[in-house]
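In what follows, a single structure is set out as structure tokens and then discussed.
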Amino acid sequence: MRTQEEYNQYHLQDSTLIPLDKLSGQLNQLPKDKDIVVICHSGARSLSAAVLLQQHGFKRVFYLEGGLNAWQAAGYSGVGATQ
């Protein structure tokens, strides 16, 4: 649930960018039968997005607590800049 600028700095491989302020208008493009993990820089916006998705009937919603900051600090890979 990040901005384009944040996404360009780094993001998880194979992720899709939908900024939080655009999410409500794109709900019909998201699968209700698959897991959805929402991610932001610190975890705050992704929590808001997860709540919004759950309010709209999405059951398999998760968010990355601590965001990409925590992901990188834990040493996980898969974070890269847009080429």
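Residue numbering restarts at 1 in every chain; chains get A, B, ... in the order shown in the structure tokens, and ligands count up from 1 in that same order.
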
Nearby residues (only C-alpha atoms) at most 12 Å from stretch 44-48 of chain A, same-chain spacing under 4 positions excluded, as a PyMOL selection string: chain A and resi 1-3+17-21+23-24+36-40+52-55+61-69

Residues near A:Lys34, cut-off 9 Å, only C-alpha atoms, skip fewer than 4 positions along chain, as an MDAnalysis selection string: chainID A and resid 30 59:61

Take the selection from the previous step and output its residues with N, CA and C atoms, as a PDB file, in the first residue's frame.
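Just written: again.pdb:
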```
ATOM      1  N   LEU A  30      -9.053  -7.632  -7.181  1.00  0.00           N
ATOM      2  CA  LEU A  30      -8.334  -8.499  -6.254  1.00  0.00           C
ATOM      3  C   LEU A  30      -9.091  -9.806  -6.025  1.00  0.00           C
ATOM      4  N   LYS A  59     -11.309 -12.428   3.161  1.00  0.00           N
ATOM      5  CA  LYS A  59     -11.063 -13.244   4.357  1.00  0.00           C
ATOM      6  C   LYS A  59      -9.596 -13.623   4.529  1.00  0.00           C
ATOM      7  N   ARG A  60      -8.878 -13.719   3.436  1.00  0.00           N
ATOM      8  CA  ARG A  60      -7.494 -14.213   3.478  1.00  0.00           C
ATOM      9  C   ARG A  60      -6.526 -13.051   3.323  1.00  0.00           C
ATOM     10  N   VAL A  61      -6.575 -12.121   4.289  1.00  0.00           N
ATOM     11  CA  VAL A  61      -5.784 -10.901   4.240  1.00  0.00           C
ATOM     12  C   VAL A  61      -4.772 -10.891   5.384  1.00  0.00           C
TER      13      VAL A  61
END
```

Between atom CA of A:Asn28 and atom CA of A:Ala70, distance in Å (one decimal): 29.7 Å

From chain A, collect each residue whose DSSP state is strand (DSSP E or B) and return the set as an mmCIF file with all heavy atoms, in the first residue's frame.
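Written output follows (states_39.cif):
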```cif
data_model
loop_
_atom_site.group_PDB
_atom_site.id
_atom_site.type_symbol
_atom_site.label_atom_id
_atom_site.label_comp_id
_atom_site.auth_asym_id
_atom_site.auth_seq_id
_atom_site.Cartn_x
_atom_site.Cartn_y
_atom_site.Cartn_z
ATOM 1 N N HIS A 11 11.063 -2.988 -3.365
ATOM 2 C CA HIS A 11 9.817 -3.735 -3.230
ATOM 3 C C HIS A 11 10.119 -5.230 -3.288
ATOM 4 O O HIS A 11 11.194 -5.635 -3.695
ATOM 5 C CB HIS A 11 8.822 -3.357 -4.336
ATOM 6 C CG HIS A 11 9.357 -3.569 -5.711
ATOM 7 N ND1 HIS A 11 10.076 -2.610 -6.376
ATOM 8 C CD2 HIS A 11 9.304 -4.639 -6.538
ATOM 9 C CE1 HIS A 11 10.438 -3.074 -7.555
ATOM 10 N NE2 HIS A 11 9.983 -4.308 -7.678
ATOM 11 N N LEU A 12 9.163 -6.016 -2.873
ATOM 12 C CA LEU A 12 9.319 -7.465 -2.964
ATOM 13 C C LEU A 12 9.108 -7.916 -4.403
ATOM 14 O O LEU A 12 8.258 -7.366 -5.114
ATOM 15 C CB LEU A 12 8.322 -8.172 -2.054
ATOM 16 C CG LEU A 12 8.475 -7.903 -0.565
ATOM 17 C CD1 LEU A 12 7.410 -8.649 0.225
ATOM 18 C CD2 LEU A 12 9.853 -8.289 -0.080
ATOM 19 N N ILE A 36 -3.881 -12.549 0.361
ATOM 20 C CA ILE A 36 -3.404 -11.217 -0.004
ATOM 21 C C ILE A 36 -2.563 -10.715 1.158
ATOM 22 O O ILE A 36 -3.026 -10.680 2.298
ATOM 23 C CB ILE A 36 -4.564 -10.240 -0.271
ATOM 24 C CG1 ILE A 36 -5.368 -10.701 -1.485
ATOM 25 C CG2 ILE A 36 -4.032 -8.824 -0.468
ATOM 26 C CD1 ILE A 36 -6.591 -9.857 -1.767
ATOM 27 N N VAL A 37 -1.332 -10.341 0.872
ATOM 28 C CA VAL A 37 -0.438 -9.778 1.876
ATOM 29 C C VAL A 37 -0.203 -8.329 1.486
ATOM 30 O O VAL A 37 0.285 -8.046 0.397
ATOM 31 C CB VAL A 37 0.899 -10.540 1.942
ATOM 32 C CG1 VAL A 37 1.814 -9.924 2.991
ATOM 33 C CG2 VAL A 37 0.672 -12.016 2.222
ATOM 34 N N VAL A 38 -0.568 -7.425 2.374
ATOM 35 C CA VAL A 38 -0.375 -6.006 2.099
ATOM 36 C C VAL A 38 0.865 -5.530 2.839
ATOM 37 O O VAL A 38 1.141 -5.932 3.965
ATOM 38 C CB VAL A 38 -1.625 -5.173 2.449
ATOM 39 C CG1 VAL A 38 -2.735 -5.445 1.473
ATOM 40 C CG2 VAL A 38 -2.107 -5.449 3.849
ATOM 41 N N VAL A 61 -6.575 -12.121 4.289
ATOM 42 C CA VAL A 61 -5.784 -10.901 4.240
ATOM 43 C C VAL A 61 -4.772 -10.891 5.384
ATOM 44 O O VAL A 61 -5.115 -11.172 6.526
ATOM 45 C CB VAL A 61 -6.687 -9.651 4.350
ATOM 46 C CG1 VAL A 61 -5.857 -8.381 4.343
ATOM 47 C CG2 VAL A 61 -7.707 -9.635 3.229
ATOM 48 N N PHE A 62 -3.565 -10.557 5.043
ATOM 49 C CA PHE A 62 -2.478 -10.471 6.011
ATOM 50 C C PHE A 62 -1.696 -9.192 5.739
ATOM 51 O O PHE A 62 -1.709 -8.688 4.630
ATOM 52 C CB PHE A 62 -1.536 -11.674 5.874
ATOM 53 C CG PHE A 62 -2.254 -12.978 5.927
ATOM 54 C CD1 PHE A 62 -2.741 -13.568 4.760
ATOM 55 C CD2 PHE A 62 -2.480 -13.614 7.132
ATOM 56 C CE1 PHE A 62 -3.416 -14.775 4.798
ATOM 57 C CE2 PHE A 62 -3.160 -14.817 7.177
ATOM 58 C CZ PHE A 62 -3.633 -15.398 6.013
ATOM 59 N N TYR A 63 -1.023 -8.686 6.769
ATOM 60 C CA TYR A 63 -0.152 -7.542 6.523
ATOM 61 C C TYR A 63 1.211 -7.824 7.147
ATOM 62 O O TYR A 63 1.312 -8.593 8.101
ATOM 63 C CB TYR A 63 -0.761 -6.238 7.043
ATOM 64 C CG TYR A 63 -0.639 -6.007 8.533
ATOM 65 C CD1 TYR A 63 0.338 -5.160 9.034
ATOM 66 C CD2 TYR A 63 -1.481 -6.634 9.436
ATOM 67 C CE1 TYR A 63 0.462 -4.944 10.398
ATOM 68 C CE2 TYR A 63 -1.369 -6.433 10.789
ATOM 69 C CZ TYR A 63 -0.381 -5.576 11.268
ATOM 70 O OH TYR A 63 -0.259 -5.373 12.614
ATOM 71 N N VAL A 79 14.021 -8.206 -1.912
ATOM 72 C CA VAL A 79 13.744 -6.785 -1.993
ATOM 73 C C VAL A 79 14.720 -6.189 -2.990
ATOM 74 O O VAL A 79 15.917 -6.396 -2.899
ATOM 75 C CB VAL A 79 13.918 -6.097 -0.622
ATOM 76 C CG1 VAL A 79 13.699 -4.607 -0.722
ATOM 77 C CG2 VAL A 79 12.974 -6.719 0.392
ATOM 78 N N GLY A 80 14.168 -5.484 -3.972
ATOM 79 C CA GLY A 80 15.028 -4.895 -4.973
ATOM 80 C C GLY A 80 14.443 -3.613 -5.515
ATOM 81 O O GLY A 80 13.276 -3.314 -5.305
#
```

DSSP helix (DSSP H, G or I) residues within chain A, listed as number ranges by chain: A: 4-9, 20-29, 44-55, 67-73

Saved selection, atoms kept: N, CA, C and O atoms, as a compact mmCIF listing (two decimals), in the first residue's frame:
```
# COMPACT_ATOMS: atom_id res chain seq x y z
N GLN A 4 4.15 5.14 -5.42
CA GLN A 4 4.99 4.73 -6.54
C GLN A 4 6.46 5.02 -6.24
O GLN A 4 7.33 4.20 -6.56
N GLU A 5 6.75 6.14 -5.62
CA GLU A 5 8.14 6.49 -5.30
C GLU A 5 8.77 5.48 -4.35
O GLU A 5 9.90 5.06 -4.53
N GLU A 6 8.01 5.07 -3.33
CA GLU A 6 8.52 4.06 -2.39
C GLU A 6 8.72 2.72 -3.09
O GLU A 6 9.72 2.04 -2.87
N TYR A 7 7.78 2.36 -3.94
CA TYR A 7 7.87 1.11 -4.68
C TYR A 7 9.11 1.11 -5.57
O TYR A 7 9.81 0.11 -5.67
N ASN A 8 9.39 2.24 -6.20
CA ASN A 8 10.56 2.34 -7.07
C ASN A 8 11.86 2.19 -6.28
O ASN A 8 12.84 1.68 -6.81
N GLN A 9 11.87 2.64 -5.03
CA GLN A 9 13.07 2.52 -4.21
C GLN A 9 13.38 1.06 -3.91
O GLN A 9 14.51 0.62 -4.06
N LEU A 20 -2.62 2.93 -1.07
CA LEU A 20 -3.77 2.90 -0.17
C LEU A 20 -4.89 3.81 -0.65
O LEU A 20 -6.06 3.43 -0.60
N ASP A 21 -4.57 4.98 -1.17
CA ASP A 21 -5.62 5.91 -1.61
C ASP A 21 -6.32 5.45 -2.89
O ASP A 21 -7.33 6.02 -3.27
N LYS A 22 -5.81 4.42 -3.53
CA LYS A 22 -6.44 3.86 -4.75
C LYS A 22 -7.12 2.52 -4.49
O LYS A 22 -7.83 2.00 -5.34
N LEU A 23 -6.92 1.95 -3.31
CA LEU A 23 -7.38 0.60 -3.02
C LEU A 23 -8.89 0.44 -3.16
O LEU A 23 -9.35 -0.52 -3.77
N SER A 24 -9.65 1.35 -2.61
CA SER A 24 -11.13 1.22 -2.67
C SER A 24 -11.64 1.10 -4.10
O SER A 24 -12.59 0.37 -4.35
N GLY A 25 -11.01 1.80 -5.02
CA GLY A 25 -11.43 1.76 -6.41
C GLY A 25 -10.95 0.54 -7.19
O GLY A 25 -11.35 0.35 -8.33
N GLN A 26 -10.11 -0.28 -6.58
CA GLN A 26 -9.56 -1.45 -7.28
C GLN A 26 -9.89 -2.77 -6.59
O GLN A 26 -9.32 -3.81 -6.92
N LEU A 27 -10.83 -2.75 -5.67
CA LEU A 27 -11.18 -3.97 -4.95
C LEU A 27 -11.65 -5.08 -5.88
O LEU A 27 -11.37 -6.26 -5.63
N ASN A 28 -12.35 -4.73 -6.94
CA ASN A 28 -12.87 -5.74 -7.86
C ASN A 28 -11.76 -6.43 -8.65
O ASN A 28 -12.01 -7.44 -9.30
N GLN A 29 -10.55 -5.92 -8.61
CA GLN A 29 -9.43 -6.54 -9.32
C GLN A 29 -8.67 -7.54 -8.45
O GLN A 29 -7.76 -8.21 -8.93
N ALA A 44 2.13 0.66 9.02
CA ALA A 44 0.93 1.41 9.41
C ALA A 44 -0.13 1.43 8.31
O ALA A 44 -1.30 1.12 8.55
N ARG A 45 0.27 1.79 7.10
CA ARG A 45 -0.69 1.83 5.99
C ARG A 45 -1.17 0.44 5.61
O ARG A 45 -2.34 0.25 5.24
N SER A 46 -0.30 -0.54 5.71
CA SER A 46 -0.73 -1.90 5.36
C SER A 46 -1.76 -2.42 6.35
O SER A 46 -2.67 -3.15 5.96
N LEU A 47 -1.66 -2.04 7.61
CA LEU A 47 -2.69 -2.43 8.57
C LEU A 47 -4.01 -1.79 8.19
O LEU A 47 -5.05 -2.45 8.20
N SER A 48 -4.00 -0.52 7.83
CA SER A 48 -5.23 0.16 7.39
C SER A 48 -5.81 -0.52 6.16
O SER A 48 -7.03 -0.71 6.06
N ALA A 49 -4.96 -0.91 5.23
CA ALA A 49 -5.42 -1.58 4.02
C ALA A 49 -6.02 -2.95 4.34
O ALA A 49 -7.04 -3.33 3.77
N ALA A 50 -5.39 -3.67 5.25
CA ALA A 50 -5.90 -4.99 5.63
C ALA A 50 -7.29 -4.87 6.25
O ALA A 50 -8.19 -5.65 5.93
N VAL A 51 -7.49 -3.88 7.09
CA VAL A 51 -8.80 -3.64 7.70
C VAL A 51 -9.82 -3.31 6.62
O VAL A 51 -10.93 -3.84 6.61
N LEU A 52 -9.47 -2.45 5.68
CA LEU A 52 -10.37 -2.08 4.58
C LEU A 52 -10.76 -3.30 3.77
O LEU A 52 -11.95 -3.51 3.47
N LEU A 53 -9.80 -4.13 3.43
CA LEU A 53 -10.09 -5.34 2.67
C LEU A 53 -11.02 -6.27 3.44
O LEU A 53 -11.98 -6.81 2.88
N GLN A 54 -10.75 -6.45 4.71
CA GLN A 54 -11.61 -7.32 5.53
C GLN A 54 -13.03 -6.76 5.61
O GLN A 54 -13.99 -7.52 5.57
N GLN A 55 -13.16 -5.45 5.69
CA GLN A 55 -14.48 -4.82 5.72
C GLN A 55 -15.26 -5.05 4.43
O GLN A 55 -16.49 -4.97 4.42
N GLY A 67 6.46 -3.69 8.24
CA GLY A 67 6.69 -3.33 6.84
C GLY A 67 8.02 -3.81 6.29
O GLY A 67 8.66 -4.72 6.83
N LEU A 68 8.41 -3.19 5.20
CA LEU A 68 9.67 -3.57 4.56
C LEU A 68 10.88 -3.22 5.41
O LEU A 68 11.92 -3.84 5.27
N ASN A 69 10.72 -2.26 6.31
CA ASN A 69 11.82 -1.98 7.25
C ASN A 69 12.15 -3.24 8.05
O ASN A 69 13.31 -3.62 8.18
N ALA A 70 11.13 -3.87 8.60
CA ALA A 70 11.32 -5.08 9.40
C ALA A 70 11.82 -6.24 8.54
O ALA A 70 12.65 -7.04 8.97
N TRP A 71 11.29 -6.33 7.32
CA TRP A 71 11.69 -7.39 6.39
C TRP A 71 13.19 -7.33 6.13
O TRP A 71 13.90 -8.32 6.25
N GLN A 72 13.67 -6.14 5.81
CA GLN A 72 15.09 -5.98 5.53
C GLN A 72 15.93 -6.18 6.79
O GLN A 72 16.99 -6.80 6.74
N ALA A 73 15.48 -5.63 7.91
CA ALA A 73 16.23 -5.75 9.16
C ALA A 73 16.39 -7.21 9.58
O ALA A 73 17.39 -7.58 10.20
```
